[in-house]
Amino acid sequence: MPLMKFANVLLEHSARAVNYPSLYCRSTEPVVFLPDSDAWELNGEGEFDFSTYFNALSINKLNTYTNAQKYYLHLELKGASCEVVQTTSDRFSSCPIVLDATKRCIEQSDSFVVLDTELVTSDDTILVGFIIRTTGPVQIRNSYYSVLTDQPLKDVELVLATTTFKKEQYIKSNIELVKTAILDSADPIADHFNMHVIDNGRTLDSSALENGHVHIHPNQNVGGAGGFTYGMILAKEQKPKATHVLLMDDDVAVSPESIKRTYNLLRIVNKDYNEAMISGAMLNYGIADQQWEDTGYMTPLGSFSPAKPPLYLSRFEDIVYNETFRIPKNIRDTNARYAAWWYCCIPMSTIEENGLPLPYFVRCDDAEYGVRCNKPFMTMNSICIWHESFHVRYNAAVERYQTTRNTLIAKFTTGFGANSDFMYELKNNVRLELKKYGYKNASLVLDAFEDFMKGPDYYSEIGIAEKTFMEANKKKEAMVPFSELERQARKIGIEGFSIDTIDRQLIAGDKPRSISQRLVDFITDNKQRFLTGDGSGFAVIPVHGWEYPAGAIREKKYIIVIDWYNRMGCIRTKDTEEYAKILKRYKADVKQYKRCEKELSKAYSRSRPIVTSDEFWKRYLGI
C-alpha cells in the first residue's frame, strides 16, 4: 500500500498572503517569513490554526475521488515548547472541532523535531486540520499531509497549456513560479511536467524563458480557443505523451501548490473518477478570499451561471460548505455543467474520445467542451486561481457578439445547451439594450445572429474568428475618459451633469415603479414605440449589459453609462428611428431563421467531425 505526500502545509510570501492570511493560517500572533531559510516562524506565544482553505485536508473529497485509506500529518518544528492538536469538521461545523485526545506536546528544542501522526477520521469527516499552541517563537518547515492508498500510484504526465496575447506581466510571473516552485522542487511532479505557452501576440522572448520543460510557441492570433487547442495538440504529440492537459488563462495568479495537488490527485484517483475533469475555482483577484465560481452551468434561459453561491474562504463555515455543496438535481439531470478554462485539467483520453474544441475566438469554448464531453468534475478546496472579477472587464463585443453567436453554433453543432433557450436570451438582450438606448450593442447581437446563419463554412474559415471579433470591438459603443465624457455632455447641452456629483451609489441605484408604469415600459420599450416621446433629463447607469435599472432610465432623453472601475463612460441619446430600424431588423432575422433552421441544423451537425478533428485544426493553426 503506497504512501504518497499529497499536500504541503502552505505558507506563501506574497501580497495576497499578507492581506488575506486566514486563507493559510488563523492566528493570534504573526506568521513571519524567514529570508534565506526554508522555514517560517510562528512569532510568539499564541495559537496558530491551520484548519484553513489551503491547509485543511479535504477528507470527504479524497474519500469520494480516490483510493485513499488513511491520512497522516508530518510536521517539522523548532523553538519554544508547543503542543499540536488535530481538528476536524462535519457538515454542520461553523468552526474547527478540536480533538483533545490527539494532543502532542513538544519540548523546547534548538533543532528541528519531527512529528508524524495518523489523522483521526470517520465517515462524517469533511475536513481535518491542526492547531499549534506555542509558548514562544516556533519555526515550521517541510510539513505536509500524506495519503495511504490501496492501489498502485498512477503514471501521470501533466501538461500546463496557457494562451497569451500581449500580457507579459502575468505570463512571465507564472512561468517563473512554475520554474522555481515546481520544476526546481523535489516533488515527483518536477520530472513529469511540461508547460506550453501559446504566444498569440508573438511578443515573448523564447530564448530567455524556455528551458527543458517550458516551451514558448509563437502563434497567429487565434484567440483563447485556438491557443488552448494548439496546447492540446502539443500535449498529445510531445514525448512522453501527456496523460492530462491543464488549461489555464494567462491573466491569472496561481499558487504552484494548486498545480502540485492537481498532479497528486490524478495519481490516486479511483476508477469512478478516472475520466473526470479537475476544475479549479475562480477567486477574486481584488478580494482574494472571495470565490466567484466553482464550476458553472447553462441556465434554462440560455445564460451562464455559477453552480455555487459566492463564498468567503477565510470563513471556516464557508470552506466546509464549499466541500459539501451538492450540485442541484436540475443541473445534474440536464447535462448543463462545465468547467471554465481559467483552470481545467482534462484527461487526454477524453480529448481523444470527444475531439478538439470548436474554432471560436473567445467565449463559450470551455462551456461547450465541458458539456460535450459529459464527464464528472472534481473540485477541492485549494485548487484555484485568482482572476479579475467580471465587472472589471465587461466587453460588449464579447457579451453581445461572441456569446450570442457561439452559443447558437454550439447548440446546432454538438447539441450544447439542449435545455437552454438561446433564442429567448437573444431576444431578451436585444430588448434590454434597446430599452437602455444601447443601439450599437443591440446591433452587435443581430450581427452575431446573422453571422451564425451564414453557416459552418463561414465561421470555420481561417481568419474569420479574429476578423469578426475585431469588427465587433470596432462597432461597440466607444467608452471615453471622464474628462472627455464631461466635455461631450456640455457640447450636447446635458444640464446638471458633472462627474463630481456622481458616485457608485448613484450609478448602482434605481427608482421604484408603479404597476402601470411597469406596464407602459413593457409595451412601449421605454416609450420608443406606440407612446413615443423625446424624453427629458438624464440617468446614470452601470456599464454591464445585464443591469436593468428600469425606474432610473424611464422617460429619459439621455442615458450616461459609467464604467467606474476603469473611469470611463459614454452618452446614449434616445432615438426612436434607430429603435424602429433595429426592431425591424430583428423581426426580419427571426423570419429568416425560421425558414433556414432545419438546413442550418443539418449543416452544423455535419460539420462537427470536421471542425473538431486534428486535421482541421492543424490547417487552421498553420501547423
# chains A, B, ... in the order shown; residues from 1 in each chain; ligands from 1

call {"tool": "residues_around", "arguments": {"residues": "range 286-292 of chain A", "least_positions_apart": "3", "cutoff": "12 Å", "atoms": "only C-alpha atoms", "output": "number ranges by chain"}}
result
A: 14-24, 52-54, 252-254, 280-283, 295-296, 305-316, 318-319, 322, 340, 381-392, 565

call {"tool": "closest_atom_pairs", "arguments": {"of": "range 225-257 of chain A", "to": "range 205-218 of chain A", "cutoff": "12 Å", "atoms": "only C-alpha atoms", "output": "tab-separated table"}}
result
residue	atom	partner	partner_atom	distance
A:Gly227	CA	A:His217	CA	9.7
A:Phe228	CA	A:His217	CA	11.8
A:Tyr230	CA	A:His217	CA	9.2
A:Gly231	CA	A:His217	CA	9.3
A:Leu234	CA	A:His217	CA	9.8
A:Ala235	CA	A:His215	CA	11.3
A:Gln238	CA	A:His213	CA	11.1
A:Lys239	CA	A:His213	CA	11.4
A:Pro240	CA	A:His213	CA	11.8

call {"tool": "select_by_dssp", "arguments": {"residues": "range 34-120 of chain A", "states": "helix (DSSP H, G or I)", "output": "short mmCIF file (atom, residue, chain, number, x, y, z; two decimals) with N, CA, C and O atoms, in the first residue's frame"}}
result
data_model
loop_
_atom_site.label_atom_id
_atom_site.label_comp_id
_atom_site.auth_asym_id
_atom_site.auth_seq_id
_atom_site.Cartn_x
_atom_site.Cartn_y
_atom_site.Cartn_z
N ILE A 59 -10.87 15.60 3.41
CA ILE A 59 -11.08 14.17 3.60
C ILE A 59 -12.30 13.67 2.82
O ILE A 59 -12.24 12.63 2.14
N ASN A 60 -13.38 14.40 2.89
CA ASN A 60 -14.60 13.98 2.21
C ASN A 60 -14.39 13.85 0.70
O ASN A 60 -14.82 12.87 0.07
N LYS A 61 -13.71 14.83 0.12
CA LYS A 61 -13.44 14.78 -1.33
C LYS A 61 -12.46 13.66 -1.67
O LYS A 61 -12.64 12.94 -2.66
N LEU A 62 -11.44 13.49 -0.86
CA LEU A 62 -10.47 12.43 -1.12
C LEU A 62 -11.11 11.05 -1.00
O LEU A 62 -10.81 10.14 -1.78
N ASN A 63 -11.99 10.87 -0.04
CA ASN A 63 -12.69 9.60 0.09
C ASN A 63 -13.59 9.33 -1.13
O ASN A 63 -13.80 8.18 -1.52
N THR A 64 -14.12 10.40 -1.71
CA THR A 64 -15.00 10.26 -2.87
C THR A 64 -14.23 10.00 -4.15
O THR A 64 -14.60 9.13 -4.95
N TYR A 65 -13.15 10.74 -4.35
CA TYR A 65 -12.46 10.72 -5.64
C TYR A 65 -11.34 9.68 -5.75
O TYR A 65 -10.93 9.35 -6.86
#

call {"tool": "residues_around", "arguments": {"residues": "range 393-399 of chain A", "least_positions_apart": "2", "cutoff": "7 Å", "atoms": "only C-alpha atoms", "output": "PDB file with all heavy atoms, in the first residue's frame"}}
result
ATOM      1  N   ARG A 363     -15.039  32.932 -25.762  1.00  0.00           N
ATOM      2  CA  ARG A 363     -16.372  32.768 -25.184  1.00  0.00           C
ATOM      3  C   ARG A 363     -17.064  31.490 -25.622  1.00  0.00           C
ATOM      4  O   ARG A 363     -17.180  31.213 -26.806  1.00  0.00           O
ATOM      5  CB  ARG A 363     -17.257  33.979 -25.505  1.00  0.00           C
ATOM      6  CG  ARG A 363     -18.385  34.193 -24.498  1.00  0.00           C
ATOM      7  CD  ARG A 363     -17.835  34.622 -23.145  1.00  0.00           C
ATOM      8  NE  ARG A 363     -18.814  35.211 -22.267  1.00  0.00           N
ATOM      9  CZ  ARG A 363     -19.236  34.641 -21.141  1.00  0.00           C
ATOM     10  NH1 ARG A 363     -18.798  33.470 -20.787  1.00  0.00           N
ATOM     11  NH2 ARG A 363     -20.094  35.263 -20.372  1.00  0.00           N
ATOM     12  N   PHE A 390     -15.680  39.788 -13.112  1.00  0.00           N
ATOM     13  CA  PHE A 390     -16.282  40.068 -14.407  1.00  0.00           C
ATOM     14  C   PHE A 390     -16.662  41.540 -14.580  1.00  0.00           C
ATOM     15  O   PHE A 390     -16.608  42.066 -15.691  1.00  0.00           O
ATOM     16  CB  PHE A 390     -17.518  39.180 -14.606  1.00  0.00           C
ATOM     17  CG  PHE A 390     -17.201  37.711 -14.614  1.00  0.00           C
ATOM     18  CD1 PHE A 390     -17.779  36.855 -13.685  1.00  0.00           C
ATOM     19  CD2 PHE A 390     -16.325  37.179 -15.535  1.00  0.00           C
ATOM     20  CE1 PHE A 390     -17.494  35.503 -13.687  1.00  0.00           C
ATOM     21  CE2 PHE A 390     -16.029  35.829 -15.551  1.00  0.00           C
ATOM     22  CZ  PHE A 390     -16.613  34.987 -14.630  1.00  0.00           C
ATOM     23  N   HIS A 391     -17.049  42.213 -13.502  1.00  0.00           N
ATOM     24  CA  HIS A 391     -17.484  43.599 -13.654  1.00  0.00           C
ATOM     25  C   HIS A 391     -16.328  44.524 -14.016  1.00  0.00           C
ATOM     26  O   HIS A 391     -16.535  45.612 -14.533  1.00  0.00           O
ATOM     27  CB  HIS A 391     -18.178  44.091 -12.367  1.00  0.00           C
ATOM     28  CG  HIS A 391     -17.245  44.493 -11.274  1.00  0.00           C
ATOM     29  ND1 HIS A 391     -16.783  43.601 -10.335  1.00  0.00           N
ATOM     30  CD2 HIS A 391     -16.676  45.689 -10.972  1.00  0.00           C
ATOM     31  CE1 HIS A 391     -15.975  44.229  -9.488  1.00  0.00           C
ATOM     32  NE2 HIS A 391     -15.891  45.489  -9.856  1.00  0.00           N
ATOM     33  N   TYR A 401     -21.774  40.010 -28.972  1.00  0.00           N
ATOM     34  CA  TYR A 401     -21.498  39.342 -30.246  1.00  0.00           C
ATOM     35  C   TYR A 401     -21.037  37.903 -30.031  1.00  0.00           C
ATOM     36  O   TYR A 401     -21.688  36.957 -30.466  1.00  0.00           O
ATOM     37  CB  TYR A 401     -20.455  40.106 -31.064  1.00  0.00           C
ATOM     38  CG  TYR A 401     -20.146  39.399 -32.369  1.00  0.00           C
ATOM     39  CD1 TYR A 401     -20.972  39.575 -33.476  1.00  0.00           C
ATOM     40  CD2 TYR A 401     -19.074  38.516 -32.479  1.00  0.00           C
ATOM     41  CE1 TYR A 401     -20.732  38.897 -34.661  1.00  0.00           C
ATOM     42  CE2 TYR A 401     -18.823  37.837 -33.653  1.00  0.00           C
ATOM     43  CZ  TYR A 401     -19.652  38.029 -34.747  1.00  0.00           C
ATOM     44  OH  TYR A 401     -19.413  37.340 -35.912  1.00  0.00           O
ATOM     45  N   GLN A 402     -19.913  37.706 -29.351  1.00  0.00           N
ATOM     46  CA  GLN A 402     -19.330  36.379 -29.227  1.00  0.00           C
ATOM     47  C   GLN A 402     -20.272  35.400 -28.533  1.00  0.00           C
ATOM     48  O   GLN A 402     -20.459  34.266 -28.984  1.00  0.00           O
ATOM     49  CB  GLN A 402     -18.015  36.457 -28.451  1.00  0.00           C
ATOM     50  CG  GLN A 402     -16.897  37.198 -29.171  1.00  0.00           C
ATOM     51  CD  GLN A 402     -16.345  36.433 -30.360  1.00  0.00           C
ATOM     52  OE1 GLN A 402     -16.243  36.969 -31.454  1.00  0.00           O
ATOM     53  NE2 GLN A 402     -15.994  35.190 -30.150  1.00  0.00           N
ATOM     54  N   THR A 403     -20.857  35.808 -27.416  1.00  0.00           N
ATOM     55  CA  THR A 403     -21.718  34.901 -26.663  1.00  0.00           C
ATOM     56  C   THR A 403     -22.944  34.501 -27.462  1.00  0.00           C
ATOM     57  O   THR A 403     -23.314  33.319 -27.510  1.00  0.00           O
ATOM     58  CB  THR A 403     -22.134  35.547 -25.328  1.00  0.00           C
ATOM     59  OG1 THR A 403     -20.963  35.816 -24.554  1.00  0.00           O
ATOM     60  CG2 THR A 403     -23.058  34.632 -24.541  1.00  0.00           C
ATOM     61  N   ASN A 441     -24.981  48.202 -29.236  1.00  0.00           N
ATOM     62  CA  ASN A 441     -24.839  46.877 -28.634  1.00  0.00           C
ATOM     63  C   ASN A 441     -25.964  45.939 -29.065  1.00  0.00           C
ATOM     64  O   ASN A 441     -25.743  44.738 -29.235  1.00  0.00           O
ATOM     65  CB  ASN A 441     -24.799  46.991 -27.115  1.00  0.00           C
ATOM     66  CG  ASN A 441     -23.542  47.702 -26.630  1.00  0.00           C
ATOM     67  OD1 ASN A 441     -22.569  47.821 -27.358  1.00  0.00           O
ATOM     68  ND2 ASN A 441     -23.574  48.188 -25.400  1.00  0.00           N
ATOM     69  N   PHE A 469     -14.323  39.254 -34.522  1.00  0.00           N
ATOM     70  CA  PHE A 469     -14.183  39.789 -33.169  1.00  0.00           C
ATOM     71  C   PHE A 469     -13.633  41.209 -33.201  1.00  0.00           C
ATOM     72  O   PHE A 469     -14.089  42.084 -32.456  1.00  0.00           O
ATOM     73  CB  PHE A 469     -13.277  38.884 -32.340  1.00  0.00           C
ATOM     74  CG  PHE A 469     -13.154  39.304 -30.899  1.00  0.00           C
ATOM     75  CD1 PHE A 469     -14.269  39.545 -30.130  1.00  0.00           C
ATOM     76  CD2 PHE A 469     -11.907  39.464 -30.305  1.00  0.00           C
ATOM     77  CE1 PHE A 469     -14.167  39.933 -28.793  1.00  0.00           C
ATOM     78  CE2 PHE A 469     -11.781  39.858 -28.987  1.00  0.00           C
ATOM     79  CZ  PHE A 469     -12.914  40.090 -28.229  1.00  0.00           C
ATOM     80  N   ALA A 472     -16.409  43.487 -34.240  1.00  0.00           N
ATOM     81  CA  ALA A 472     -17.345  43.723 -33.138  1.00  0.00           C
ATOM     82  C   ALA A 472     -16.782  44.734 -32.150  1.00  0.00           C
ATOM     83  O   ALA A 472     -17.509  45.596 -31.635  1.00  0.00           O
ATOM     84  CB  ALA A 472     -17.662  42.408 -32.431  1.00  0.00           C
ATOM     85  N   ASN A 473     -15.487  44.667 -31.895  1.00  0.00           N
ATOM     86  CA  ASN A 473     -14.861  45.640 -30.997  1.00  0.00           C
ATOM     87  C   ASN A 473     -14.912  47.052 -31.576  1.00  0.00           C
ATOM     88  O   ASN A 473     -15.035  48.025 -30.832  1.00  0.00           O
ATOM     89  CB  ASN A 473     -13.414  45.233 -30.710  1.00  0.00           C
ATOM     90  CG  ASN A 473     -13.289  44.312 -29.512  1.00  0.00           C
ATOM     91  OD1 ASN A 473     -13.584  44.690 -28.393  1.00  0.00           O
ATOM     92  ND2 ASN A 473     -12.875  43.076 -29.761  1.00  0.00           N
ATOM     93  N   LYS A 476     -18.809  48.319 -31.250  1.00  0.00           N
ATOM     94  CA  LYS A 476     -19.408  48.574 -29.936  1.00  0.00           C
ATOM     95  C   LYS A 476     -19.259  50.055 -29.581  1.00  0.00           C
ATOM     96  O   LYS A 476     -18.406  50.758 -30.117  1.00  0.00           O
ATOM     97  CB  LYS A 476     -18.747  47.701 -28.876  1.00  0.00           C
ATOM     98  CG  LYS A 476     -17.314  48.099 -28.552  1.00  0.00           C
ATOM     99  CD  LYS A 476     -16.686  47.165 -27.540  1.00  0.00           C
ATOM    100  CE  LYS A 476     -15.262  47.619 -27.210  1.00  0.00           C
ATOM    101  NZ  LYS A 476     -14.579  46.703 -26.297  1.00  0.00           N
ATOM    102  N   HIS A 544     -22.496  47.369 -17.291  1.00  0.00           N
ATOM    103  CA  HIS A 544     -22.752  45.943 -17.529  1.00  0.00           C
ATOM    104  C   HIS A 544     -24.085  45.718 -18.230  1.00  0.00           C
ATOM    105  O   HIS A 544     -25.128  46.201 -17.778  1.00  0.00           O
ATOM    106  CB  HIS A 544     -22.719  45.176 -16.207  1.00  0.00           C
ATOM    107  CG  HIS A 544     -21.537  45.546 -15.365  1.00  0.00           C
ATOM    108  ND1 HIS A 544     -21.664  46.238 -14.184  1.00  0.00           N
ATOM    109  CD2 HIS A 544     -20.208  45.372 -15.566  1.00  0.00           C
ATOM    110  CE1 HIS A 544     -20.461  46.454 -13.673  1.00  0.00           C
ATOM    111  NE2 HIS A 544     -19.563  45.938 -14.493  1.00  0.00           N
TER     112      HIS A 544
END

call {"tool": "select_by_dssp", "arguments": {"residues": "range 254-331 of chain A", "states": "strand (DSSP E or B)", "output": "MDAnalysis selection string"}}
result
chainID A and resid 269 277:279 281:284 290:293 296:298 304:306 311:312

call {"tool": "closest_residue", "arguments": {"among": "A:Leu444, A:Ile233, A:Val31, A:Val178", "to": "Glu615 in chain A", "atoms": "only C-alpha atoms"}}
result
A:Ile233

call {"tool": "closest_residue", "arguments": {"among": "A:Arg619, A:Lys166, A:Arg400, A:Lys241", "to": "Ala448 in chain A", "atoms": "only C-alpha atoms"}}
result
A:Arg400

call {"tool": "residues_around", "arguments": {"residues": "Lys602 in chain A", "least_positions_apart": "2", "cutoff": "12 Å", "atoms": "only C-alpha atoms", "output": "tab-separated table (two decimals) with C-alpha atoms, in the first residue's frame"}}
result
chain	number	residue	atom	x	y	z
A	409	ILE	CA	-23.23	27.49	-33.09
A	411	LYS	CA	-26.19	24.16	-29.85
A	412	PHE	CA	-26.51	23.34	-33.55
A	413	THR	CA	-23.11	21.61	-33.86
A	414	THR	CA	-22.87	19.39	-30.78
A	415	GLY	CA	-26.23	19.73	-29.02
A	455	GLY	CA	-23.42	28.51	-41.63
A	456	PRO	CA	-20.40	26.47	-40.55
A	596	CYS	CA	-33.49	28.03	-42.63
A	597	GLU	CA	-33.42	26.46	-39.12
A	598	LYS	CA	-33.58	22.85	-40.34
A	599	GLU	CA	-30.94	23.35	-43.02
A	600	LEU	CA	-28.65	25.10	-40.53
A	604	TYR	CA	-23.71	22.41	-38.43
A	605	SER	CA	-24.24	18.83	-37.30
A	606	ARG	CA	-22.40	17.52	-40.41
A	607	SER	CA	-19.51	19.90	-39.70
A	608	ARG	CA	-18.86	18.53	-36.21

call {"tool": "decode", "arguments": {"residues": "range 201-281 of chain A", "atoms": "C-alpha atoms", "output": "PDB file, in the first residue's frame"}}
result
ATOM      1  CA  GLY A 201       0.864  38.070 -29.682  1.00  0.00           C
ATOM      2  CA  ARG A 202       4.376  36.869 -30.661  1.00  0.00           C
ATOM      3  CA  THR A 203       5.919  39.193 -28.075  1.00  0.00           C
ATOM      4  CA  LEU A 204       7.690  36.788 -25.700  1.00  0.00           C
ATOM      5  CA  ASP A 205      11.455  36.245 -25.770  1.00  0.00           C
ATOM      6  CA  SER A 206      11.621  32.464 -26.135  1.00  0.00           C
ATOM      7  CA  SER A 207      15.365  32.247 -25.500  1.00  0.00           C
ATOM      8  CA  ALA A 208      15.002  33.997 -22.139  1.00  0.00           C
ATOM      9  CA  LEU A 209      12.007  31.996 -20.945  1.00  0.00           C
ATOM     10  CA  GLU A 210      12.361  28.459 -22.267  1.00  0.00           C
ATOM     11  CA  ASN A 211      14.082  25.509 -20.662  1.00  0.00           C
ATOM     12  CA  GLY A 212      13.724  21.750 -20.994  1.00  0.00           C
ATOM     13  CA  HIS A 213      10.194  21.800 -19.582  1.00  0.00           C
ATOM     14  CA  VAL A 214       8.927  25.300 -20.509  1.00  0.00           C
ATOM     15  CA  HIS A 215       8.216  25.833 -24.203  1.00  0.00           C
ATOM     16  CA  ILE A 216       7.141  29.039 -25.980  1.00  0.00           C
ATOM     17  CA  HIS A 217       5.205  28.684 -29.243  1.00  0.00           C
ATOM     18  CA  PRO A 218       4.791  31.877 -31.331  1.00  0.00           C
ATOM     19  CA  ASN A 219       1.371  31.677 -32.963  1.00  0.00           C
ATOM     20  CA  GLN A 220      -1.068  33.670 -35.077  1.00  0.00           C
ATOM     21  CA  ASN A 221      -3.835  35.383 -33.137  1.00  0.00           C
ATOM     22  CA  VAL A 222      -6.454  32.639 -32.977  1.00  0.00           C
ATOM     23  CA  GLY A 223      -7.898  33.648 -29.601  1.00  0.00           C
ATOM     24  CA  GLY A 224      -8.116  31.573 -26.470  1.00  0.00           C
ATOM     25  CA  ALA A 225      -9.933  28.688 -28.173  1.00  0.00           C
ATOM     26  CA  GLY A 226      -7.272  28.340 -30.850  1.00  0.00           C
ATOM     27  CA  GLY A 227      -4.441  28.698 -28.376  1.00  0.00           C
ATOM     28  CA  PHE A 228      -5.786  26.090 -25.990  1.00  0.00           C
ATOM     29  CA  THR A 229      -6.420  23.707 -28.866  1.00  0.00           C
ATOM     30  CA  TYR A 230      -2.831  24.171 -30.015  1.00  0.00           C
ATOM     31  CA  GLY A 231      -1.796  23.259 -26.464  1.00  0.00           C
ATOM     32  CA  MET A 232      -3.894  20.075 -26.609  1.00  0.00           C
ATOM     33  CA  ILE A 233      -2.249  19.044 -29.880  1.00  0.00           C
ATOM     34  CA  LEU A 234       1.248  19.722 -28.499  1.00  0.00           C
ATOM     35  CA  ALA A 235       0.437  17.699 -25.366  1.00  0.00           C
ATOM     36  CA  LYS A 236      -0.769  14.803 -27.489  1.00  0.00           C
ATOM     37  CA  GLU A 237       2.337  14.817 -29.703  1.00  0.00           C
ATOM     38  CA  GLN A 238       5.061  15.527 -27.149  1.00  0.00           C
ATOM     39  CA  LYS A 239       7.271  12.718 -25.870  1.00  0.00           C
ATOM     40  CA  PRO A 240       6.359  11.363 -23.463  1.00  0.00           C
ATOM     41  CA  LYS A 241       2.735  11.872 -24.445  1.00  0.00           C
ATOM     42  CA  ALA A 242       0.709  13.774 -21.866  1.00  0.00           C
ATOM     43  CA  THR A 243      -1.890  11.887 -19.880  1.00  0.00           C
ATOM     44  CA  HIS A 244      -3.614  15.124 -18.817  1.00  0.00           C
ATOM     45  CA  VAL A 245      -3.753  18.725 -20.076  1.00  0.00           C
ATOM     46  CA  LEU A 246      -4.247  21.569 -17.613  1.00  0.00           C
ATOM     47  CA  LEU A 247      -5.705  24.609 -19.401  1.00  0.00           C
ATOM     48  CA  MET A 248      -5.103  27.906 -17.594  1.00  0.00           C
ATOM     49  CA  ASP A 249      -5.690  31.546 -18.551  1.00  0.00           C
ATOM     50  CA  ASP A 250      -2.685  33.814 -18.863  1.00  0.00           C
ATOM     51  CA  ASP A 251      -4.064  36.747 -16.849  1.00  0.00           C
ATOM     52  CA  VAL A 252      -4.429  34.857 -13.576  1.00  0.00           C
ATOM     53  CA  ALA A 253      -2.458  34.417 -10.383  1.00  0.00           C
ATOM     54  CA  VAL A 254      -1.932  30.846  -9.281  1.00  0.00           C
ATOM     55  CA  SER A 255      -0.355  29.106  -6.330  1.00  0.00           C
ATOM     56  CA  PRO A 256       2.029  26.389  -7.575  1.00  0.00           C
ATOM     57  CA  GLU A 257       0.685  24.229  -4.745  1.00  0.00           C
ATOM     58  CA  SER A 258      -2.658  24.068  -6.583  1.00  0.00           C
ATOM     59  CA  ILE A 259      -0.878  22.513  -9.565  1.00  0.00           C
ATOM     60  CA  LYS A 260       1.024  20.073  -7.332  1.00  0.00           C
ATOM     61  CA  ARG A 261      -2.177  18.926  -5.654  1.00  0.00           C
ATOM     62  CA  THR A 262      -3.807  18.527  -9.063  1.00  0.00           C
ATOM     63  CA  TYR A 263      -0.977  16.209 -10.112  1.00  0.00           C
ATOM     64  CA  ASN A 264      -1.130  14.267  -6.841  1.00  0.00           C
ATOM     65  CA  LEU A 265      -4.893  13.871  -7.082  1.00  0.00           C
ATOM     66  CA  LEU A 266      -4.520  12.362 -10.552  1.00  0.00           C
ATOM     67  CA  ARG A 267      -2.072   9.759  -9.233  1.00  0.00           C
ATOM     68  CA  ILE A 268      -4.525   8.327  -6.703  1.00  0.00           C
ATOM     69  CA  VAL A 269      -7.880   8.857  -8.433  1.00  0.00           C
ATOM     70  CA  ASN A 270     -10.268   5.887  -8.322  1.00  0.00           C
ATOM     71  CA  LYS A 271     -11.988   4.169 -11.254  1.00  0.00           C
ATOM     72  CA  ASP A 272     -15.179   6.233 -10.860  1.00  0.00           C
ATOM     73  CA  TYR A 273     -13.286   9.480 -11.438  1.00  0.00           C
ATOM     74  CA  ASN A 274     -10.510   8.267 -13.718  1.00  0.00           C
ATOM     75  CA  GLU A 275     -12.055  10.163 -16.663  1.00  0.00           C
ATOM     76  CA  ALA A 276     -13.119  13.214 -14.640  1.00  0.00           C
ATOM     77  CA  MET A 277     -12.015  16.778 -15.256  1.00  0.00           C
ATOM     78  CA  ILE A 278     -10.491  18.770 -12.403  1.00  0.00           C
ATOM     79  CA  SER A 279     -11.986  22.248 -12.187  1.00  0.00           C
ATOM     80  CA  GLY A 280     -10.138  24.999 -10.366  1.00  0.00           C
ATOM     81  CA  ALA A 281     -12.249  27.628  -8.639  1.00  0.00           C
TER      82      ALA A 281
END
